[in-house]
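> My questions will all concern the structure given below.
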Amino acid sequence: MTTDDATRATTDVRDLAEADLDRALDLSYTVFHLKPGDRTRNFHRDLLRDGLRVGAYDGEELAGLAGAHRRTITVPGSQLPCAAVDFVSVLPTHRRRGILTSMMDELWRRCAADGWPLACLWPSESAIYGRYGFGAATEVYRIEIDASRPLALRPAPDSRPLRLIDPAEAPAMLAPRYDATLPQRAGRFTRDESWWRAGALDLDGVRMNAGQDGFGPARVVVLGAPGEQPGGYAFYRTRGPGQGPGVVRVDELEAESAPAAAALWSYLASIDLTSTVRAECRPADDPLLYLAADRDQVRITGQEPSLWLRLVDVRTALTARSWAAPVDLVLDLRDTALPANAGRFRLTAGPADPTGSTSPADPAGPVGATWEPTGAAPDISLDVRELASCYLGGTPLRHFVHAGLATEHTPGAVRRLDAALETAWLPFTGENH
C-alpha cells in the first residue's frame with residue numbers, strides 16, 4: 001500500500017458540520033495566509049453555511065476543506081446550474097497525501113446528486129486543477145487609458161445625461177440592465193440582491209483588505225435620465241494624486257451600444273485630479289479597443305485566464321448549449337476523475353431551424369443536440385479538460401491540436417467543431433470570486 005493509499009484509508013471525507021464552520025475558516029485562513037476582520041469572517045461563514053461543503057478529518061483533526069456555492073452561469077444560448085468551488089484548503093502538514101483528490105471526488109458525487117452539470121473556480125494555483133478536469137474557459141484583459149489628455153474615440157458618445165447615483169440604489173436600478181446583457185456573453189453569473197451588494201459593489205465592506213489600497217468607496221455612474229432604464233453604467237473607485245498620479249479603477253462597465261460605452265469611458269477618463277484609468281478585468285474583445293482613435297492612449301497591460309470550468313455532466317452540458325453550425329462527429333473523450341463521461345460518443349447538433357422550430361429550453365437556440373455512445377472510429381480524441389476550455393466558445397480546439405493536447409483523426413473535423421462552438425461574443429467572467 002502506498003503512503004497516499006494509507007492516508008486515504010485513515011482520512012474520513014464527510015459533510016462539514018455547521019459546528020465546525022469556524023474551524024474550517026481557521027484552516028482556510030492558515031493555508032491562504034489571511035487575517036480577515038469580523039465582517040469578512042462573518043460573510044465567509046455565511047457562504048460556507050449556505051453552500052455545499054465537505055471536510056477531510058484525520059481522526060478528530062480537520063485537515064482539509066472544500067466548498068461550493070450554488071450559482072447559475074450563462075452558456076451559449078442558455079443558463080445552467082454551476083458549482084462555484086471555493087475554500088479549497090489542505091493543511092500544510094497533510095499535503096501530498098491524496099486528501100485533495102478525495103475531497104474533489106466527493107464534490108463530484110454531490111454535484112451529480114444535486115444536478116449540477118458544471119463546476120467552476122478561480123484558482124490560486126492553476127497548475128493544480130487541470131488534473132481534476134478544469135480548463136481555462138474565459139480570458140480577461142487588463143486595460144489602461146492615458147487620461148492626461150481627453151480620450152479620443154471614433155464614434156460620437158451617446159448624448160444622454162450621465163449621473164452619479166447612490167451605490168445602495170444600484171442593485172434595484174441596474175439589475176434589469178445587467179440581466180438584459182447576460183445572454184450576450186457566456187461565462188457570466190446571475191445575481192440576486194445579496195450578490196449585488198457583496199460581490200459586485202461590496203456595500204457591506206466584506207472584501208479582504210477593502211480600503212487599504214488607497215482607493216475610495218465605490219462610485220456608480222449611469223447613462224440616462226431619471227425614470228428611464230439606463231443605457232449603461234460603470235462601477236469605479238478613485239485614488240487621488242497624493243501618492244503618485246491620480247487613478248480611476250473601473251470594476252465593472254456595461255453598455256447597451258458602442259455610443260453608450262463611448263460616453264461612459266469618456267466620463268471615466270475626464271475625472272479631475274486623475275491621469276490614468278485602469279480596468280483590471282475586461283473581455284478580450286472589449287469594443288473599447290476599437291473605439292479608441294489613438295491606440296497608444298488605450299493599452300493592454302495584461303492578459304490572463306479568468307474562470308476555470310469543469311464539465312461534470314458532459315451530456316447535459318453539450319445538449320443544453322446552442323450551436324453556431326451543424327456538427328456530426330465522433331469524439332473519444334478522456335476523463336479519469338469521472339468515468340461516466342469517458343468513452344467514444346457521437347455529437348450531433350446544429351443551429352436553430354430557419355423554419356422557426358426551436359428547443360423548449362432555448363427559444364433562440366438549437367433544434368437539438370445529442371451525445372450518444374458509439375463504437376464508430378473517432379474523428380477527434382481529447383481530454384475533458386480541453387473540452388471544458390472550448391465549451392463556452394472562447395478557445396478554439398485547434399489551439400490544443402497544435403499544442404499536441406488533442407488529436408484530429410479525420411481531416412477537417414476540428415475546423416467543423418470550432419465552427420459549431422463559435423459565439424458572436426467571446427465568453428467573459430467579470431467576477432473573480
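Residue numbering restarts at 1 in every chain; chains get A, B, ... in the order shown in the C-alpha cells, and ligands count up from 1 in that same order.
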As a PyMOL selection string, please: every residue in segment 137-243 of chain A that a backbone DSSP assignment puts in helix (DSSP H, G or I).
chain A and resi 167-184+193-201+241-243
> With only C-alpha atoms as the counted atoms, please give the residues lying no more than 6 Å from segment 112-120 of chain A, apart from itself and same-chain residues fewer than 3 positions off, as an mmCIF file with N, CA, C and O atoms, in the first residue's frame.

data_model
loop_
_atom_site.group_PDB
_atom_site.id
_atom_site.type_symbol
_atom_site.label_atom_id
_atom_site.label_comp_id
_atom_site.auth_asym_id
_atom_site.auth_seq_id
_atom_site.Cartn_x
_atom_site.Cartn_y
_atom_site.Cartn_z
ATOM 1 N N PRO A 81 -27.086 25.434 -13.961
ATOM 2 C CA PRO A 81 -26.568 25.434 -12.589
ATOM 3 C C PRO A 81 -25.080 25.122 -12.590
ATOM 4 O O PRO A 81 -24.612 24.301 -13.373
ATOM 5 N N CYS A 82 -24.365 25.787 -11.703
ATOM 6 C CA CYS A 82 -22.912 25.622 -11.664
ATOM 7 C C CYS A 82 -22.444 25.680 -10.217
ATOM 8 O O CYS A 82 -22.854 26.559 -9.456
ATOM 9 N N ALA A 83 -21.593 24.743 -9.849
ATOM 10 C CA ALA A 83 -20.999 24.723 -8.515
ATOM 11 C C ALA A 83 -19.719 25.548 -8.545
ATOM 12 O O ALA A 83 -18.745 25.162 -9.189
ATOM 13 N N ALA A 84 -19.736 26.689 -7.861
ATOM 14 C CA ALA A 84 -18.554 27.553 -7.793
ATOM 15 C C ALA A 84 -17.687 27.087 -6.636
ATOM 16 O O ALA A 84 -17.963 27.383 -5.470
ATOM 17 N N VAL A 85 -16.653 26.347 -6.955
ATOM 18 C CA VAL A 85 -15.808 25.718 -5.942
ATOM 19 C C VAL A 85 -14.974 26.775 -5.232
ATOM 20 O O VAL A 85 -14.394 27.665 -5.858
ATOM 21 N N ARG A 109 -19.383 13.751 -6.698
ATOM 22 C CA ARG A 109 -20.532 12.893 -6.379
ATOM 23 C C ARG A 109 -21.724 13.748 -5.969
ATOM 24 O O ARG A 109 -22.864 13.492 -6.397
ATOM 25 N N TRP A 308 -12.124 29.060 -14.605
ATOM 26 C CA TRP A 308 -11.806 27.686 -14.983
ATOM 27 C C TRP A 308 -13.067 26.850 -14.831
ATOM 28 O O TRP A 308 -13.765 26.937 -13.822
ATOM 29 N N LEU A 309 -13.345 26.056 -15.837
ATOM 30 C CA LEU A 309 -14.614 25.325 -15.915
ATOM 31 C C LEU A 309 -14.364 23.825 -15.898
ATOM 32 O O LEU A 309 -13.353 23.343 -16.430
ATOM 33 N N ARG A 310 -15.320 23.087 -15.309
ATOM 34 C CA ARG A 310 -15.283 21.632 -15.288
ATOM 35 C C ARG A 310 -16.645 21.122 -15.769
ATOM 36 O O ARG A 310 -17.683 21.547 -15.283
ATOM 37 N N LEU A 311 -16.642 20.238 -16.790
ATOM 38 C CA LEU A 311 -17.886 19.611 -17.241
ATOM 39 C C LEU A 311 -18.123 18.380 -16.384
ATOM 40 O O LEU A 311 -17.503 17.335 -16.586
ATOM 41 N N VAL A 312 -19.015 18.516 -15.410
ATOM 42 C CA VAL A 312 -19.319 17.398 -14.512
ATOM 43 C C VAL A 312 -20.204 16.387 -15.221
ATOM 44 O O VAL A 312 -20.026 15.173 -15.083
ATOM 45 N N ASP A 313 -21.161 16.868 -15.979
ATOM 46 C CA ASP A 313 -22.059 16.024 -16.779
ATOM 47 C C ASP A 313 -21.945 16.499 -18.225
ATOM 48 O O ASP A 313 -22.590 17.459 -18.636
#
> Give me the residues of segment 163-219 of chain A that have any atom at most 12 Å from an atom of segment 272-289 of chain A; for each, the nearest atom pair and the distance in Å, rounded to one decimal. Use only C-alpha atoms, sort by chain and number, and format it as a Markdown table.

| residue | atom | partner | partner_atom | distance |
| --- | --- | --- | --- | --- |
| A:Arg185 | CA | A:Pro283 | CA | 9.7 |
| A:Ala186 | CA | A:Pro283 | CA | 11.2 |
| A:Gly187 | CA | A:Pro283 | CA | 10.7 |
| A:Arg188 | CA | A:Pro283 | CA | 11.2 |
> With a distance cut-off of 8 Å and only C-alpha atoms, select the neighbouring residues of segment 297-299 of chain A, excluding the residue or stretch itself and same-chain residues fewer than 6 positions from it, and output the selection as a ChimeraX atom specification.
/A:143-147,151,289
> So, counting only C-alpha atoms, which residue among A:Ala218, A:Ala419, A:Val384, A:Ala56 is closest to Thr10 of chain A?
A:Ala56
> Interatomic distance between atom CA of Gly375 of chain A and atom CA of Leu329 of chain A?
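According to the coordinates, atom CA of Gly375 of chain A and atom CA of Leu329 of chain A are separated by 12.4 Å.
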